[in-house]
$ cat run-v5.txt   # compact mmCIF, N, CA and C atoms
# COMPACT_ATOMS: atom_id res chain seq x y z
N MET A 1 0.84 -1.19 0.00
CA MET A 1 0.00 0.00 0.00
C MET A 1 0.88 1.24 0.00
N THR A 2 0.36 2.24 -0.64
CA THR A 2 1.12 3.48 -0.69
C THR A 2 0.85 4.29 0.56
N LYS A 3 1.66 5.29 0.74
CA LYS A 3 1.56 6.16 1.91
C LYS A 3 0.22 6.90 1.91
N ASN A 4 -0.23 7.36 0.76
CA ASN A 4 -1.50 8.10 0.67
C ASN A 4 -2.69 7.22 1.03
N VAL A 5 -2.66 5.97 0.62
CA VAL A 5 -3.76 5.05 0.92
C VAL A 5 -3.80 4.78 2.43
N LEU A 6 -2.63 4.61 3.04
CA LEU A 6 -2.59 4.38 4.49
C LEU A 6 -3.10 5.60 5.26
N LEU A 7 -2.71 6.78 4.82
CA LEU A 7 -3.18 7.99 5.49
C LEU A 7 -4.69 8.15 5.34
N THR A 8 -5.21 7.87 4.16
CA THR A 8 -6.65 7.96 3.94
C THR A 8 -7.39 6.98 4.83
N LEU A 9 -6.87 5.77 4.93
CA LEU A 9 -7.49 4.75 5.78
C LEU A 9 -7.44 5.16 7.25
N LEU A 10 -6.31 5.72 7.68
CA LEU A 10 -6.17 6.17 9.07
C LEU A 10 -7.16 7.27 9.38
N PHE A 11 -7.31 8.26 8.49
CA PHE A 11 -8.25 9.35 8.74
C PHE A 11 -9.70 8.87 8.70
N ALA A 12 -9.98 7.83 7.95
CA ALA A 12 -11.33 7.28 7.91
C ALA A 12 -11.66 6.55 9.21
N LEU A 13 -10.68 5.90 9.81
CA LEU A 13 -10.91 5.15 11.04
C LEU A 13 -10.76 5.97 12.31
N LEU A 14 -10.17 7.15 12.23
CA LEU A 14 -9.89 7.97 13.41
C LEU A 14 -11.14 8.31 14.23
N PRO A 15 -12.26 8.74 13.63
CA PRO A 15 -13.44 9.03 14.46
C PRO A 15 -13.95 7.81 15.22
N ALA A 16 -13.91 6.67 14.60
CA ALA A 16 -14.38 5.44 15.27
C ALA A 16 -13.46 5.08 16.43
N LEU A 17 -12.16 5.26 16.25
CA LEU A 17 -11.23 4.95 17.32
C LEU A 17 -11.38 5.90 18.49
N SER A 18 -11.55 7.19 18.22
CA SER A 18 -11.68 8.15 19.31
C SER A 18 -12.97 7.92 20.09
N SER A 19 -14.07 7.57 19.41
CA SER A 19 -15.31 7.31 20.14
C SER A 19 -15.20 6.02 20.94
N ALA A 20 -14.44 5.05 20.45
CA ALA A 20 -14.27 3.80 21.20
C ALA A 20 -13.50 4.04 22.48
N PHE A 21 -12.49 4.91 22.44
CA PHE A 21 -11.73 5.20 23.64
C PHE A 21 -12.50 6.08 24.60
N SER A 22 -13.35 6.98 24.12
CA SER A 22 -14.10 7.85 25.01
C SER A 22 -15.27 7.12 25.65
N ALA A 23 -15.68 5.99 25.10
CA ALA A 23 -16.83 5.25 25.63
C ALA A 23 -16.40 4.12 26.55
N VAL A 24 -15.30 4.31 27.27
CA VAL A 24 -14.84 3.29 28.19
C VAL A 24 -15.86 3.18 29.31
N GLU A 25 -16.27 1.96 29.61
CA GLU A 25 -17.27 1.73 30.65
C GLU A 25 -16.67 1.97 32.03
N PHE A 26 -17.52 2.42 32.94
CA PHE A 26 -17.11 2.57 34.33
C PHE A 26 -17.12 1.21 35.00
N SER A 27 -16.27 1.05 35.99
CA SER A 27 -16.34 -0.16 36.81
C SER A 27 -17.52 0.00 37.76
N GLY A 28 -17.94 -1.07 38.39
CA GLY A 28 -19.05 -1.01 39.34
C GLY A 28 -18.74 -0.07 40.49
N ARG A 29 -17.50 -0.09 40.94
CA ARG A 29 -17.09 0.79 42.05
C ARG A 29 -17.17 2.25 41.64
N GLN A 30 -16.72 2.58 40.43
CA GLN A 30 -16.78 3.95 39.97
C GLN A 30 -18.22 4.43 39.85
N LYS A 31 -19.12 3.56 39.34
CA LYS A 31 -20.53 3.93 39.24
C LYS A 31 -21.13 4.19 40.62
N ARG A 32 -20.82 3.33 41.58
CA ARG A 32 -21.33 3.53 42.94
C ARG A 32 -20.84 4.84 43.52
N GLU A 33 -19.55 5.13 43.32
CA GLU A 33 -18.98 6.39 43.83
C GLU A 33 -19.64 7.60 43.18
N LEU A 34 -19.88 7.53 41.87
CA LEU A 34 -20.51 8.65 41.18
C LEU A 34 -21.96 8.84 41.64
N ARG A 35 -22.69 7.73 41.82
CA ARG A 35 -24.07 7.83 42.32
C ARG A 35 -24.09 8.41 43.73
N ALA A 36 -23.15 7.99 44.57
CA ALA A 36 -23.07 8.51 45.93
C ALA A 36 -22.73 10.00 45.93
N LEU A 37 -21.80 10.39 45.07
CA LEU A 37 -21.44 11.80 44.95
C LEU A 37 -22.63 12.61 44.48
N ALA A 38 -23.36 12.09 43.50
CA ALA A 38 -24.55 12.79 43.01
C ALA A 38 -25.59 12.94 44.12
N GLY A 39 -25.75 11.92 44.94
CA GLY A 39 -26.69 12.00 46.05
C GLY A 39 -26.29 13.05 47.06
N ARG A 40 -25.00 13.12 47.38
CA ARG A 40 -24.53 14.16 48.31
C ARG A 40 -24.70 15.55 47.72
N LEU A 41 -24.39 15.70 46.44
CA LEU A 41 -24.54 17.01 45.80
C LEU A 41 -26.01 17.41 45.71
N GLU A 42 -26.88 16.45 45.45
CA GLU A 42 -28.31 16.76 45.37
C GLU A 42 -28.85 17.17 46.73
N GLN A 43 -28.39 16.52 47.78
CA GLN A 43 -28.84 16.85 49.12
C GLN A 43 -28.42 18.27 49.50
N SER A 44 -27.24 18.69 49.06
CA SER A 44 -26.77 20.04 49.35
C SER A 44 -27.19 21.05 48.28
N LYS A 45 -28.06 20.64 47.36
CA LYS A 45 -28.60 21.50 46.30
C LYS A 45 -27.53 22.02 45.34
N GLU A 46 -26.45 21.24 45.15
CA GLU A 46 -25.38 21.66 44.26
C GLU A 46 -25.32 20.86 42.96
N LEU A 47 -26.14 19.82 42.85
CA LEU A 47 -26.15 19.00 41.63
C LEU A 47 -26.88 19.75 40.53
N ARG A 48 -26.27 19.83 39.37
CA ARG A 48 -26.89 20.51 38.23
C ARG A 48 -27.99 19.62 37.65
N ARG A 49 -29.11 20.25 37.30
CA ARG A 49 -30.27 19.53 36.75
C ARG A 49 -30.70 20.22 35.47
N MET A 50 -31.28 19.44 34.57
CA MET A 50 -31.83 20.01 33.35
C MET A 50 -32.96 19.13 32.84
N HIS A 51 -33.80 19.70 31.99
CA HIS A 51 -34.86 18.96 31.32
C HIS A 51 -34.51 18.92 29.84
N CYS A 52 -34.64 17.75 29.26
CA CYS A 52 -34.30 17.57 27.85
C CYS A 52 -35.56 17.25 27.06
N VAL A 53 -35.88 18.10 26.10
CA VAL A 53 -37.04 17.87 25.26
C VAL A 53 -36.63 17.22 23.95
N GLU A 54 -35.47 17.59 23.42
CA GLU A 54 -34.96 17.04 22.16
C GLU A 54 -33.46 16.79 22.33
N PRO A 55 -32.97 15.58 22.05
CA PRO A 55 -31.55 15.27 22.26
C PRO A 55 -30.59 16.20 21.52
N SER A 56 -30.89 16.58 20.30
CA SER A 56 -29.96 17.44 19.55
C SER A 56 -29.85 18.81 20.18
N VAL A 57 -30.95 19.32 20.73
CA VAL A 57 -30.93 20.63 21.39
C VAL A 57 -30.35 20.48 22.80
N GLY A 58 -30.71 19.40 23.49
CA GLY A 58 -30.24 19.18 24.85
C GLY A 58 -28.75 18.90 24.93
N ALA A 59 -28.14 18.44 23.87
CA ALA A 59 -26.71 18.13 23.89
C ALA A 59 -25.88 19.36 24.15
N THR A 60 -26.27 20.49 23.57
CA THR A 60 -25.53 21.73 23.78
C THR A 60 -25.63 22.17 25.23
N GLU A 61 -26.84 22.13 25.77
CA GLU A 61 -27.03 22.52 27.17
C GLU A 61 -26.30 21.56 28.11
N LEU A 62 -26.38 20.26 27.82
CA LEU A 62 -25.70 19.27 28.65
C LEU A 62 -24.19 19.49 28.61
N ARG A 63 -23.65 19.76 27.44
CA ARG A 63 -22.21 20.01 27.31
C ARG A 63 -21.79 21.21 28.15
N GLU A 64 -22.62 22.28 28.13
CA GLU A 64 -22.32 23.47 28.93
C GLU A 64 -22.41 23.18 30.42
N GLN A 65 -23.44 22.43 30.83
CA GLN A 65 -23.61 22.10 32.24
C GLN A 65 -22.45 21.23 32.75
N LEU A 66 -22.01 20.27 31.92
CA LEU A 66 -20.92 19.39 32.31
C LEU A 66 -19.60 20.14 32.39
N ALA A 67 -19.42 21.13 31.55
CA ALA A 67 -18.17 21.88 31.53
C ALA A 67 -18.10 22.93 32.63
N ALA A 68 -19.24 23.32 33.17
CA ALA A 68 -19.26 24.34 34.21
C ALA A 68 -18.52 23.84 35.45
N GLY A 69 -17.82 24.72 36.09
CA GLY A 69 -17.05 24.35 37.28
C GLY A 69 -17.94 24.21 38.49
N GLY A 70 -17.33 24.21 39.64
CA GLY A 70 -18.08 24.09 40.88
C GLY A 70 -18.01 22.68 41.43
N ALA A 71 -18.79 22.47 42.48
CA ALA A 71 -18.76 21.19 43.18
C ALA A 71 -19.23 20.04 42.30
N SER A 72 -20.20 20.30 41.42
CA SER A 72 -20.77 19.22 40.61
C SER A 72 -20.13 19.12 39.23
N ALA A 73 -18.88 19.55 39.13
CA ALA A 73 -18.20 19.53 37.84
C ALA A 73 -18.23 18.13 37.24
N GLY A 74 -18.85 18.01 36.08
CA GLY A 74 -18.88 16.74 35.39
C GLY A 74 -20.11 15.90 35.63
N LEU A 75 -20.97 16.24 36.58
CA LEU A 75 -22.18 15.48 36.87
C LEU A 75 -23.43 16.31 36.60
N VAL A 76 -24.36 15.77 35.86
CA VAL A 76 -25.63 16.45 35.58
C VAL A 76 -26.75 15.42 35.60
N ARG A 77 -27.84 15.75 36.25
CA ARG A 77 -29.03 14.89 36.24
C ARG A 77 -30.01 15.50 35.24
N CYS A 78 -30.49 14.68 34.33
CA CYS A 78 -31.34 15.15 33.23
C CYS A 78 -32.65 14.38 33.23
N LYS A 79 -33.75 15.13 33.14
CA LYS A 79 -35.07 14.52 33.10
C LYS A 79 -35.61 14.59 31.67
N PHE A 80 -36.28 13.53 31.24
CA PHE A 80 -36.87 13.46 29.91
C PHE A 80 -38.39 13.49 30.04
N PRO A 81 -39.01 14.68 30.11
CA PRO A 81 -40.45 14.77 30.33
C PRO A 81 -41.29 14.38 29.12
N MET A 82 -40.72 14.40 27.93
CA MET A 82 -41.52 14.11 26.73
C MET A 82 -41.69 12.62 26.48
N VAL A 83 -40.96 11.78 27.22
CA VAL A 83 -41.03 10.34 27.03
C VAL A 83 -42.22 9.78 27.81
N GLU A 84 -43.04 8.99 27.13
CA GLU A 84 -44.21 8.42 27.79
C GLU A 84 -43.88 7.14 28.54
N LYS A 85 -43.00 6.32 27.99
CA LYS A 85 -42.65 5.05 28.61
C LYS A 85 -41.18 5.08 29.05
N LYS A 86 -40.93 4.53 30.21
CA LYS A 86 -39.59 4.54 30.77
C LYS A 86 -38.59 3.77 29.91
N VAL A 87 -39.06 2.80 29.15
CA VAL A 87 -38.19 2.00 28.29
C VAL A 87 -37.55 2.86 27.21
N GLU A 88 -38.20 3.95 26.84
CA GLU A 88 -37.70 4.82 25.78
C GLU A 88 -36.60 5.76 26.25
N VAL A 89 -36.34 5.81 27.54
CA VAL A 89 -35.34 6.73 28.08
C VAL A 89 -33.93 6.29 27.73
N ARG A 90 -33.63 5.00 27.80
CA ARG A 90 -32.27 4.50 27.56
C ARG A 90 -31.72 4.91 26.20
N PRO A 91 -32.45 4.70 25.09
CA PRO A 91 -31.90 5.12 23.79
C PRO A 91 -31.69 6.64 23.70
N LEU A 92 -32.61 7.41 24.28
CA LEU A 92 -32.45 8.87 24.26
C LEU A 92 -31.25 9.30 25.10
N ALA A 93 -31.07 8.69 26.25
CA ALA A 93 -29.93 9.03 27.11
C ALA A 93 -28.62 8.65 26.43
N ASP A 94 -28.57 7.51 25.79
CA ASP A 94 -27.36 7.10 25.08
C ASP A 94 -27.04 8.05 23.93
N GLU A 95 -28.08 8.47 23.20
CA GLU A 95 -27.88 9.41 22.10
C GLU A 95 -27.38 10.76 22.61
N LEU A 96 -27.99 11.23 23.69
CA LEU A 96 -27.59 12.51 24.27
C LEU A 96 -26.16 12.43 24.81
N ALA A 97 -25.81 11.32 25.44
CA ALA A 97 -24.45 11.15 25.95
C ALA A 97 -23.43 11.16 24.82
N GLU A 98 -23.77 10.51 23.72
CA GLU A 98 -22.85 10.48 22.58
C GLU A 98 -22.67 11.88 21.99
N LEU A 99 -23.77 12.62 21.87
CA LEU A 99 -23.69 13.98 21.32
C LEU A 99 -22.92 14.93 22.23
N ALA A 100 -23.01 14.72 23.54
CA ALA A 100 -22.37 15.62 24.50
C ALA A 100 -21.01 15.10 24.96
N ASP A 101 -20.55 13.99 24.41
CA ASP A 101 -19.28 13.38 24.78
C ASP A 101 -19.25 13.09 26.28
N ALA A 102 -20.31 12.46 26.77
CA ALA A 102 -20.44 12.11 28.19
C ALA A 102 -20.80 10.64 28.29
N GLN A 103 -20.99 10.18 29.52
CA GLN A 103 -21.38 8.80 29.75
C GLN A 103 -22.58 8.76 30.68
N VAL A 104 -23.44 7.79 30.45
CA VAL A 104 -24.61 7.59 31.32
C VAL A 104 -24.16 6.75 32.51
N VAL A 105 -24.38 7.28 33.70
CA VAL A 105 -24.01 6.57 34.92
C VAL A 105 -25.19 5.78 35.45
N GLN A 106 -26.38 6.37 35.38
CA GLN A 106 -27.55 5.74 35.97
C GLN A 106 -28.81 6.25 35.30
N ILE A 107 -29.80 5.36 35.18
CA ILE A 107 -31.12 5.76 34.70
C ILE A 107 -32.14 5.21 35.68
N ILE A 108 -32.96 6.11 36.20
CA ILE A 108 -34.06 5.72 37.08
C ILE A 108 -35.31 6.41 36.55
N GLY A 109 -36.26 5.63 36.10
CA GLY A 109 -37.50 6.19 35.58
C GLY A 109 -37.25 7.03 34.35
N HIS A 110 -37.63 8.30 34.42
CA HIS A 110 -37.45 9.24 33.31
C HIS A 110 -36.23 10.13 33.50
N THR A 111 -35.35 9.77 34.42
CA THR A 111 -34.21 10.62 34.77
C THR A 111 -32.90 9.85 34.56
N ALA A 112 -31.91 10.54 33.98
CA ALA A 112 -30.59 9.94 33.75
C ALA A 112 -29.52 10.80 34.40
N LEU A 113 -28.48 10.15 34.88
CA LEU A 113 -27.34 10.85 35.46
C LEU A 113 -26.19 10.73 34.47
N PHE A 114 -25.64 11.87 34.06
CA PHE A 114 -24.55 11.91 33.09
C PHE A 114 -23.27 12.36 33.76
N PHE A 115 -22.14 11.89 33.24
CA PHE A 115 -20.83 12.26 33.75
C PHE A 115 -19.87 12.41 32.59
N ARG A 116 -19.01 13.43 32.69
CA ARG A 116 -17.94 13.60 31.71
C ARG A 116 -16.66 13.94 32.44
N ARG A 117 -15.58 13.31 32.02
CA ARG A 117 -14.28 13.58 32.63
C ARG A 117 -13.83 14.99 32.26
N THR A 118 -13.41 15.75 33.26
CA THR A 118 -12.89 17.09 33.06
C THR A 118 -11.62 17.25 33.89
N GLU A 119 -11.00 18.40 33.78
CA GLU A 119 -9.83 18.68 34.59
C GLU A 119 -10.21 18.77 36.07
N HIS A 120 -11.45 19.22 36.35
CA HIS A 120 -11.90 19.39 37.73
C HIS A 120 -12.08 18.06 38.45
N ASN A 121 -12.46 17.00 37.72
CA ASN A 121 -12.73 15.73 38.38
C ASN A 121 -11.69 14.66 38.05
N ARG A 122 -10.55 15.06 37.57
CA ARG A 122 -9.50 14.10 37.23
C ARG A 122 -9.03 13.31 38.45
N ALA A 123 -9.04 13.93 39.63
CA ALA A 123 -8.60 13.26 40.85
C ALA A 123 -9.48 12.05 41.16
N PHE A 124 -10.75 12.11 40.80
CA PHE A 124 -11.65 10.99 41.03
C PHE A 124 -11.14 9.74 40.32
N PHE A 125 -10.71 9.88 39.09
CA PHE A 125 -10.24 8.73 38.33
C PHE A 125 -8.83 8.31 38.72
N ASP A 126 -8.04 9.25 39.23
CA ASP A 126 -6.72 8.87 39.72
C ASP A 126 -6.84 8.01 40.97
N ARG A 127 -7.82 8.32 41.83
CA ARG A 127 -8.04 7.56 43.07
C ARG A 127 -8.71 6.22 42.79
N HIS A 128 -9.67 6.19 41.85
CA HIS A 128 -10.49 5.01 41.62
C HIS A 128 -10.16 4.32 40.31
N ALA A 129 -8.89 4.18 40.02
CA ALA A 129 -8.52 3.50 38.77
C ALA A 129 -8.98 2.06 38.84
N ALA A 130 -9.62 1.65 37.74
CA ALA A 130 -10.18 0.28 37.72
C ALA A 130 -9.12 -0.76 37.52
$ encode --input "run-v5.txt" --output "structure tokens"
Amino acid sequence: MTKNVLLTLLFALLPALSSAFSAVEFSGRQKRELRALAGRLEQSKELRRMHCVEPSVGATELREQLAAGGASAGLVRCKFPMVEKKVEVRPLADELAELADAQVVQIIGHTALFFRRTEHNRAFFDRHAA
């Protein structure tokens, strides 16, 4: 193969590789820690919340909420009021997470908890390496 063909192939596969690395699953311990942290933040009224009516529109707001600093940096609880059945929440949450470059930590009913790694919460992953 020539150099140009290899470069073309590499650039074609690059988006798939980057999404595969960003979609690393949390360990059970990490999920428990994130849920516990979200519970503590919610109790102190510091957890960021939002309502999502449309995933493409909600992705921008979710990205902004996740990037915002403060105690809840990287954690956002999102409610899906337009969904009639709870079974429909999982695909919407997965789509929204993909658009916002985040991960779904938990889904309960019509509500999903999202997390994205940032500079503010890097210590969490240094402590809880799987």
$ atom_distance --input "run-v5.txt" --atom1 "atom CA of A:Ala67" --atom2 "atom C of A:Met82"
25.8 Å
$ closest_residue --input "run-v5.txt" --among "A:Arg77, A:Leu37, A:Gly28, A:Leu96" --to "A:His51" --atoms "all atoms listed in the file"
A:Arg77
$ atom_distance --input "run-v5.txt" --atom1 "atom C of A:Leu92" --atom2 "atom C of A:Pro55"
7.8 Å
$ atom_distance --input "run-v5.txt" --atom1 "atom C of A:Ser56" --atom2 "atom CA of A:Leu34"
25.1 Å
$ closest_residue --input "run-v5.txt" --among "A:Asp94, A:Glu54, A:Asp101, A:Glu61" --to "A:Pro81" --atoms "only C-alpha atoms"
A:Glu54
$ residues_near_point --input "run-v5.txt" --point "(-21.5, 5.1, 39.2)" --cutoff "12 Å" --atoms "only C-alpha atoms" --output "ChimeraX atom specification"
/A:25-39,75,103-107,112-116,124-125,128
$ select_by_dssp --input "run-v5.txt" --residues "stretch 12-122 of chain A" --states "strand (DSSP E)" --output "ChimeraX atom specification"
/A:48-51,75-79,103-108,111-115
$ closest_residue --input "run-v5.txt" --among "A:Ala93, A:Leu41, A:Leu47, A:Val57" --to "A:His110" --atoms "only C-alpha atoms"
A:Ala93
$ closest_residue --input "run-v5.txt" --among "A:Ile108, A:Leu99, A:Cys52, A:Leu62" --to "A:Lys86" --atoms "all atoms listed in the file"
A:Ile108
